[in-house]
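**Q** What follows is model14.txt, made up of compact mmCIF, C-alpha atoms:
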# COMPACT_ATOMS: atom_id res chain seq x y z
CA CYS M 221 -25.78 20.14 -34.24
CA VAL M 222 -24.01 16.92 -33.29
CA VAL M 223 -22.64 16.42 -29.81
CA VAL M 224 -19.98 13.77 -29.38
CA ALA M 225 -19.56 12.49 -25.82
CA ARG M 226 -16.37 10.73 -24.91
CA GLY M 227 -16.14 8.72 -21.69
CA GLN M 228 -13.48 9.54 -19.18
CA GLN M 229 -10.62 7.10 -19.24
CA SER M 230 -8.20 6.23 -16.50
CA ALA M 231 -4.82 7.93 -16.61
CA ALA M 232 -3.21 4.54 -16.05
CA ASN M 233 -4.17 3.37 -19.57
CA GLN M 234 -2.03 0.37 -20.54
CA ASP M 235 0.02 0.47 -17.32
CA THR M 236 -0.72 -2.20 -14.72
CA LEU M 237 -0.50 -1.62 -10.99
CA ILE M 238 -1.60 -4.14 -8.33
CA GLY M 239 -1.54 -3.87 -4.54
CA VAL M 240 -2.39 -6.41 -1.82
CA VAL M 241 -2.60 -6.05 1.99
CA GLY M 242 -1.32 -9.08 3.87
CA ARG M 243 -1.13 -10.08 7.50
CA ASP M 244 1.71 -7.69 8.36
CA PHE M 245 2.85 -6.31 5.02
CA VAL M 246 1.74 -4.57 1.83
CA LEU M 247 2.68 -6.00 -1.55
CA ILE M 248 2.79 -3.72 -4.63
CA GLY M 249 3.49 -4.93 -8.16
CA ALA M 250 3.79 -3.01 -11.43
CA ASP M 251 4.88 -3.59 -15.00
CA THR M 252 8.18 -2.07 -16.12
CA ALA M 253 7.24 -0.80 -19.59
CA ALA M 254 6.74 2.86 -20.52
CA SER M 255 5.67 4.65 -23.68
CA SER M 256 5.48 8.28 -24.78
CA GLY M 257 1.73 8.09 -25.27
CA GLY M 258 1.74 6.08 -28.47
CA ILE M 259 1.92 2.40 -29.30
CA ALA M 260 5.71 2.10 -29.08
CA ILE M 261 7.54 1.13 -25.89
CA THR M 262 10.25 3.68 -25.10
CA SER M 263 11.65 1.85 -22.06
CA SER M 264 11.20 -1.60 -20.55
CA SER M 265 13.06 -1.07 -17.27
CA VAL M 266 11.07 1.64 -15.47
CA ASP M 267 10.67 1.22 -11.72
CA LYS M 268 7.08 2.32 -11.06
CA ILE M 269 7.21 1.64 -7.32
CA ALA M 270 8.96 4.52 -5.58
CA VAL M 271 10.22 4.36 -1.99
CA VAL M 272 9.22 7.57 -0.23
CA HIS M 273 10.80 6.44 3.05
CA ASP M 274 12.64 3.19 3.74
CA GLY M 275 11.84 3.12 7.47
CA GLY M 276 13.83 0.60 9.47
CA MET M 277 14.96 3.27 11.96
CA PHE M 278 13.94 1.29 15.06
CA LEU M 279 15.50 -2.16 15.15
CA SER M 280 16.26 -3.42 18.61
CA SER M 281 17.12 -6.60 20.46
CA GLY M 282 13.53 -6.89 21.66
CA GLU M 283 12.34 -7.60 18.12
CA ALA M 284 12.98 -11.33 18.26
CA SER M 285 11.50 -11.74 21.72
CA GLY M 286 8.38 -9.76 20.91
CA ASP M 287 8.67 -7.44 23.94
CA VAL M 288 5.47 -5.36 24.17
CA ASP M 289 7.14 -2.08 25.14
CA CYS M 290 9.74 -2.51 22.43
CA LEU M 291 7.07 -3.25 19.80
CA ARG M 292 5.06 -0.21 20.93
CA ARG M 293 8.07 2.10 20.58
CA GLU M 294 8.79 0.60 17.18
CA GLY M 295 5.21 1.29 16.10
CA LEU M 296 5.66 4.93 17.05
CA SER M 297 8.80 5.35 14.94
CA GLN M 298 9.02 6.33 11.27
CA GLN M 299 7.66 3.53 9.08
CA ALA M 300 8.43 2.63 5.48
CA ILE M 301 6.24 4.08 2.70
CA ALA M 302 6.08 2.98 -0.93
CA VAL M 303 4.09 4.60 -3.75
CA GLY M 304 3.25 2.79 -6.98
CA PHE M 305 2.31 4.99 -9.91
CA ALA M 306 0.70 4.48 -13.30
CA GLY M 307 0.35 7.16 -15.95
CA ASP M 308 2.60 9.92 -17.21
CA ILE M 309 6.24 9.28 -16.28
CA ALA M 310 7.18 12.99 -16.13
CA ASP M 311 4.28 13.79 -13.80
CA ALA M 312 5.20 10.81 -11.66
CA ASP M 313 8.85 11.86 -11.36
CA ARG M 314 7.96 15.37 -10.20
CA PHE M 315 5.19 14.15 -7.90
CA ILE M 316 7.31 11.49 -6.19
CA SER M 317 10.11 14.03 -5.66
CA MET M 318 7.59 16.32 -3.97
CA LEU M 319 6.39 13.52 -1.67
CA ARG M 320 9.95 12.59 -0.71
CA THR M 321 10.74 16.24 0.05
CA HIS M 322 7.70 16.59 2.31
CA ALA M 323 8.59 13.36 4.13
CA GLN M 324 12.19 14.50 4.64
CA VAL M 325 11.19 17.95 5.87
CA ARG M 326 8.72 16.42 8.29
CA GLU M 327 11.42 14.05 9.51
CA TYR M 328 13.73 16.97 10.26
CA GLU M 329 10.93 18.89 12.00
CA ALA M 330 10.08 15.90 14.17
CA GLY M 331 13.73 15.25 15.02
CA ILE M 332 13.51 11.62 13.92
CA GLY M 333 16.84 9.83 13.87
CA ASN M 334 18.81 12.38 15.91
CA ASP M 335 20.66 11.79 19.18
CA VAL M 336 18.56 14.20 21.25
CA THR M 337 15.55 12.78 23.13
CA CYS M 338 12.82 15.02 24.56
CA VAL M 339 12.22 14.00 28.17
CA PHE M 340 9.81 16.83 29.09
CA ASP M 341 7.56 19.12 27.07
CA GLY M 342 5.62 21.76 28.98
CA GLU M 343 3.12 22.31 26.16
CA LEU M 344 2.26 18.61 25.99
CA LYS M 345 1.88 18.50 29.77
CA ARG M 346 -0.48 21.46 29.64
CA LEU M 347 -2.58 19.61 27.05
CA GLY M 348 -2.56 16.44 29.14
CA LEU M 349 -0.40 14.44 26.70
CA GLU M 350 2.19 13.04 29.08
CA SER M 351 2.21 9.33 28.28
CA PRO M 352 4.86 7.98 25.88
CA ILE M 353 2.19 6.92 23.40
CA ALA M 354 0.52 10.32 23.41
CA VAL M 355 3.83 12.12 23.01
CA ALA M 356 4.94 9.94 20.12
CA SER M 357 1.56 9.99 18.38
CA SER M 358 1.38 13.79 18.67
CA PRO M 359 2.55 15.99 15.73
CA SER M 360 6.18 15.15 16.61
CA CYS M 361 5.99 11.94 14.52
CA GLY M 362 6.88 11.64 10.86
CA LEU M 363 4.53 10.98 7.96
CA ASP M 364 2.99 7.55 7.49
CA ALA M 365 1.27 5.99 4.47
CA GLU M 366 -2.09 7.52 5.36
CA ALA M 367 -0.60 11.02 5.62
CA ILE M 368 1.18 10.59 2.28
CA ALA M 369 -2.08 9.41 0.69
CA ASN M 370 -3.98 12.44 1.97
CA LEU M 371 -1.19 14.77 0.88
CA SER M 372 -1.30 13.20 -2.59
CA ARG M 373 -5.06 13.62 -2.71
CA ARG M 374 -4.79 17.32 -1.87
CA GLU M 375 -2.09 17.98 -4.47
CA ILE M 376 -3.99 16.14 -7.21
CA ALA M 377 -7.26 17.92 -6.38
CA GLN M 378 -5.63 21.37 -6.28
CA ARG M 379 -4.08 20.91 -9.72
CA MET M 380 -7.15 19.53 -11.46
CA ARG M 381 -8.26 22.91 -12.87
CA ARG M 382 -4.77 24.29 -13.58
CA SER M 383 -2.59 21.50 -14.92
CA PRO M 384 -4.14 18.09 -14.13
CA LEU M 385 -1.79 15.28 -13.20
CA GLN M 386 -2.18 12.17 -15.33
CA LEU M 387 -1.42 9.84 -12.46
CA CYS M 388 -3.00 6.93 -10.61
CA LEU M 389 -1.39 5.89 -7.34
CA LEU M 390 -1.23 3.06 -4.83
CA VAL M 391 0.21 4.13 -1.48
CA GLY M 392 1.21 1.36 0.92
CA GLY M 393 2.88 1.16 4.31
CA MET M 394 2.61 0.31 7.99
CA CYS M 395 0.55 2.70 10.12
CA PHE M 396 0.56 2.98 13.91
CA ASP M 397 -2.71 2.08 15.60
CA PRO M 398 -2.76 1.85 19.43
CA LYS M 399 -6.07 -0.06 19.29
CA THR M 400 -4.65 -2.82 17.11
CA GLU M 401 -4.33 -5.66 19.60
CA ALA M 402 -3.81 -9.17 18.33
CA SER M 403 -7.20 -10.38 19.57
CA SER M 404 -9.44 -7.39 18.89
CA SER M 405 -8.06 -6.29 15.52
CA ARG M 406 -9.08 -9.47 13.74
CA ARG M 407 -12.64 -9.24 15.00
CA ALA M 408 -12.87 -5.55 14.11
CA GLY M 409 -11.27 -6.19 10.73
CA ALA M 410 -13.69 -9.01 9.96
CA GLU M 411 -16.69 -6.85 10.87
CA LYS M 412 -15.37 -4.01 8.76
CA ASP M 413 -14.71 -6.30 5.81
CA MET M 414 -18.30 -7.49 5.76
CA ALA M 415 -19.37 -3.90 5.08
CA THR M 416 -17.12 -3.48 2.04
CA MET M 417 -17.91 -4.30 -1.56
CA SER M 418 -14.84 -6.51 -1.96
CA SER M 419 -15.88 -8.78 0.90
CA ARG M 420 -19.39 -9.13 -0.48
CA VAL M 421 -17.97 -10.09 -3.86
CA GLN M 422 -15.77 -12.71 -2.20
CA GLU M 423 -18.73 -14.11 -0.29
CA GLN M 424 -20.69 -14.44 -3.53
CA ILE M 425 -17.78 -16.21 -5.23
CA ARG M 426 -17.29 -18.62 -2.33
CA SER M 427 -21.01 -19.39 -2.09
CA SER M 428 -21.29 -20.11 -5.82
CA ALA M 429 -18.11 -22.20 -6.03
CA THR M 430 -18.54 -25.92 -6.44
CA LEU M 431 -15.48 -26.75 -4.34
CA PRO M 432 -15.86 -26.95 -0.55
CA GLU M 433 -14.78 -23.96 1.49
CA SER M 434 -11.87 -25.84 3.00
CA SER M 435 -10.29 -26.26 -0.44
CA LEU M 436 -10.59 -22.53 -1.14
CA ASP M 437 -8.90 -21.62 2.13
CA PRO M 438 -6.11 -24.18 2.68
CA PRO M 439 -4.55 -24.39 6.13
CA GLU M 440 -1.50 -22.20 6.59
CA THR M 441 1.65 -24.13 7.37
CA LYS M 442 4.27 -21.52 6.57
CA THR M 443 6.04 -19.70 9.38
CA GLU M 444 6.47 -15.95 9.66
CA ARG M 445 9.92 -14.57 9.09
CA HIS M 446 9.63 -12.16 12.04
CA VAL M 447 7.42 -11.23 14.96
CA ILE M 448 4.14 -9.50 14.09
CA ASN M 449 3.87 -6.08 15.73
CA PRO M 450 0.31 -5.70 17.13
CA PHE M 451 0.64 -1.89 17.10
CA LEU M 452 1.25 -1.68 13.34
CA ARG M 453 -1.43 -2.20 10.72
CA PRO M 454 -0.67 -2.50 6.98
CA LYS M 455 -2.71 -0.13 4.83
CA LEU M 456 -3.15 0.35 1.10
CA PHE M 457 -4.66 3.50 -0.41
CA TRP M 458 -6.07 3.76 -3.94
CA LEU M 459 -6.00 7.15 -5.72
CA ASP M 460 -7.02 8.10 -9.25
CA GLN M 461 -6.29 11.19 -11.37
CA TYR M 462 -9.33 13.01 -9.94
CA GLY M 463 -8.23 12.82 -6.32
CA SER M 464 -10.51 9.99 -5.22
CA LEU M 465 -9.07 8.20 -2.18
CA GLN M 466 -10.04 4.76 -0.88
CA ASN M 467 -8.53 2.51 1.79
CA MET M 468 -8.59 -0.93 0.14
CA PRO M 469 -7.55 -4.48 1.11
CA TYR M 470 -6.48 -4.96 -2.53
CA ALA M 471 -6.54 -2.65 -5.54
CA ALA M 472 -5.43 -2.32 -9.15
CA HIS M 473 -5.04 0.34 -11.83
CA GLY M 474 -4.99 0.20 -15.61
CA HIS M 475 -6.81 -1.76 -18.29
CA GLY M 476 -5.22 -4.92 -16.93
CA SER M 477 -7.12 -4.49 -13.67
CA ASN M 478 -10.11 -6.16 -15.35
CA PHE M 479 -8.14 -9.42 -15.38
CA ALA M 480 -6.47 -8.88 -12.00
CA TYR M 481 -9.69 -8.24 -10.07
CA SER M 482 -11.16 -11.56 -11.17
CA ILE M 483 -8.30 -13.34 -9.40
CA LEU M 484 -8.11 -10.99 -6.42
CA ASP M 485 -11.85 -11.23 -5.71
CA GLN M 486 -11.65 -15.01 -5.62
CA ARG M 487 -8.38 -15.70 -3.84
CA TYR M 488 -7.79 -12.79 -1.46
CA ARG M 489 -7.86 -13.39 2.29
CA ARG M 490 -7.07 -10.80 4.96
CA ASP M 491 -4.61 -13.00 6.89
CA MET M 492 -2.53 -14.04 3.88
CA ASP M 493 1.15 -14.60 4.54
CA ARG M 494 3.86 -13.38 2.21
CA ASP M 495 4.23 -16.56 0.17
CA ASP M 496 0.49 -16.84 -0.54
CA ALA M 497 0.25 -13.16 -1.48
CA LEU M 498 3.21 -13.48 -3.84
CA ALA M 499 1.68 -16.55 -5.46
CA MET M 500 -1.60 -14.70 -5.99
CA MET M 501 0.11 -11.64 -7.48
CA LYS M 502 2.22 -13.85 -9.73
CA GLU M 503 -0.97 -15.50 -10.96
CA CYS M 504 -2.39 -12.06 -11.78
CA PHE M 505 0.60 -11.10 -13.91
CA ASP M 506 0.72 -14.55 -15.53
CA GLN M 507 -2.92 -14.08 -16.51
CA LEU M 508 -2.11 -10.68 -18.00
CA ARG M 509 0.76 -12.15 -19.97
CA GLU M 510 -1.55 -14.80 -21.37
CA ARG M 511 -4.68 -12.75 -22.12
CA TYR M 512 -3.80 -9.03 -22.15
CA VAL M 513 -3.15 -7.66 -25.62
CA ILE M 514 -0.33 -5.40 -24.34
CA ASN M 515 2.55 -7.39 -22.86
CA SER M 516 5.61 -5.97 -21.15
CA PRO M 517 8.85 -7.52 -22.50
CA ARG M 518 10.30 -7.87 -19.00
CA PRO M 519 8.95 -9.36 -15.76
CA PRO M 520 7.06 -6.99 -13.44
CA SER M 521 8.55 -5.28 -10.43
CA ILE M 522 7.24 -6.36 -7.01
CA LYS M 523 8.07 -4.74 -3.67
CA CYS M 524 7.06 -5.68 -0.15
CA VAL M 525 6.55 -3.05 2.58
CA ASP M 526 6.66 -4.27 6.18
CA ARG M 527 8.00 -3.24 9.57
CA LEU M 528 11.58 -3.89 8.44
CA GLY M 529 11.40 -1.56 5.44
CA VAL M 530 10.93 -1.99 1.70
CA SER M 531 12.35 -5.07 -0.03
CA GLU M 532 12.28 -6.03 -3.70
CA VAL M 533 10.97 -9.47 -4.65
CA ASP M 534 12.32 -11.48 -7.57
CA PHE M 535 9.37 -12.34 -9.80
CA ASP M 536 10.99 -15.47 -11.23
CA THR M 537 11.55 -17.01 -7.78
CA ALA M 538 8.23 -15.86 -6.27
Translate the structure described by the file into structure tokens.

**A**
Amino acid sequence: CVVVARGQQSAANQDTLIGVVGRDFVLIGADTAASSGGIAITSSSVDKIAVVHDGGMFLSSGEASGDVDCLRREGLSQQAIAVGFAGDIADADRFISMLRTHAQVREYEAGIGNDVTCVFDGELKRLGLESPIAVASSPSCGLDAEAIANLSRREIAQRMRRSPLQLCLLVGGMCFDPKTEASSSRRAGAEKDMATMSSRVQEQIRSSATLPESSLDPPETKTERHVINPFLRPKLFWLDQYGSLQNMPYAAHGHGSNFAYSILDQRYRRDMDRDDALAMMKECFDQLRERYVINSPRPPSIKCVDRLGVSEVDFDTA
């Protein structure tokens, strides 16, 4: 009797998906090639980064001035959500449609975007939730990236024994956090990073590098294109085909992730601005084009999720 054991492989296979969390944004990049499971490319223009919700529903005059009350109300509004997928295209199309439907139904239930404003709710008063923040952060808000990630995890786990989904996901977006003040969030984020595997890997790389630390972390001279909202925190969630869910500062899927992680571990910094993050992601895809045996005939697709919505980035000008 001969038993042949075959290791479990990722559903992403030859697809490449990379995500990075910046100072006030989430950057997601993916290749644009698709195949029917064989060695032939059936399409080279597939958009593997779906927009579940474009956000941008709260843009006011206080945005440029950085008014605290205005930024708080903006943080409580519906935020943009993007989902990058790698794996079976048919499963991805049905799954993304389901996520969009849930987000739209939740938006209607919460009354987001309508002209009617609730000024008094007896049930919330009975529960002691009378402040504007408590009212907006109660179940009357729409879905954010974390809710979409948990919904995706539940759907993938429930279908594992019936008809498993051959999908790997990266869910990114801005999430409301009332404790995210400009001064305290960086200290809390730094302490949390030291407890993660990625930060320990970065510390090992920096300590073993021959260059001084100042050359690895050059001073930032670029200016932000808009005011940073202290009540919004960018988050990136990594999911595989088995329903595993992780909140990551950077993540990747596919065989090409072996090349991408070597660059991400060395160059990633939590407070990266958009230009530095784009340069790092471009270096990842350039490395794949040079060393990866499977090359997409077209440049990758890159999208940026921030408080203003979801915008597409031109790879050639990044």

**Q** As an exercise, work out the distance from atom CA of Arg494 of chain M to atom CA of Met468 of chain M in Å and give it to one decimal place.

**A** 17.7 Å

**Q** Write out as an MDAnalysis selection string which residues come within 8 Å of Arg326 of chain M when counting only C-alpha atoms, dropping same-chain ones fewer than 3 positions away.

**A** chainID M and resid 322:323 329:330 362:363

**Q** For atom CA of Ala270 of chain M and atom CA of Gly304 of chain M, determine how far apart the two atoms are, in Å to one decimal place.

**A**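 The value is 6.1 Å.
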
**Q** Give the answer as one residue: which of M:Gln378, M:Lys502, M:Pro469, M:Leu528 has the shortest atom-to-atom distance to Gln298 of chain M, using only C-alpha atoms?

**A**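 Of M:Gln378, M:Lys502, M:Pro469, M:Leu528, the one nearest Gln298 of chain M is M:Leu528, counting only C-alpha atoms.
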
**Q** In Å to one decimal, how far is atom CA of Pro520 of chain M from atom CA of Cys388 of chain M?

**A**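 Between atom CA of Cys388 of chain M and atom CA of Pro520 of chain M the gap works out to 17.4 Å.
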
**Q** Could you check the closest approach to Phe245 of chain M for each of M:Glu503, M:Asp493, M:Glu510, M:Asp534 and tell me which residue wins, using only C-alpha atoms?

**A** M:Asp493

**Q** Name the residues in contact with segment 228-242 of chain M at a cut-off of 7 Å, using all atoms listed in the file, excluding same-chain residues fewer than 2 positions from it; report them as a PyMOL selection string.

**A** chain M and resi 226+244-251+306-307+386-388+390+454-456+461+469-477+490-494+497

**Q** Nearest to Ser255 of chain M among M:Asp308, M:Val303, M:Asp460, M:Ala367, with distances taken over all atoms listed in the file: which residue is it?

**A** M:Asp308

**Q** Compile the contact shell of segment 391-395 of chain M as a ChimeraX atom specification: residues with an atom at most 7 Å away, counting only C-alpha atoms, same-chain residues fewer than 4 positions apart removed.

**A** /M:246,299-304,364-365,369,452-458,525-527

**Q** Counting all atoms listed in the file, which of M:Thr321, M:Asn370, M:Thr252, M:Ser516 gets nearest to Phe305 of chain M?

**A**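 Of M:Thr321, M:Asn370, M:Thr252, M:Ser516, the one nearest Phe305 of chain M, counting all atoms listed in the file, is M:Thr252.
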
**Q** Set up a box along x, y and z of the file covering all listed atoms of segment 230-236 of chain M, add 5 Å on every one of the six sides, and write the centre and edge lengths in Å to one decimal, as AutoDock Vina command-line options.

**A**
--center_x -4.1 --center_y 2.9 --center_z -17.6 --size_x 18.2 --size_y 20.1 --size_z 15.8

**Q** Applying 12 Å and all atoms listed in the file, which residues near Pro519 of chain M remain after dropping the ones on its own chain fewer than 2 positions away? List them as a PyMOL selection string.

**A** chain M and resi 249-253+264-267+502+505-506+508-509+515-517+521-522+533-538
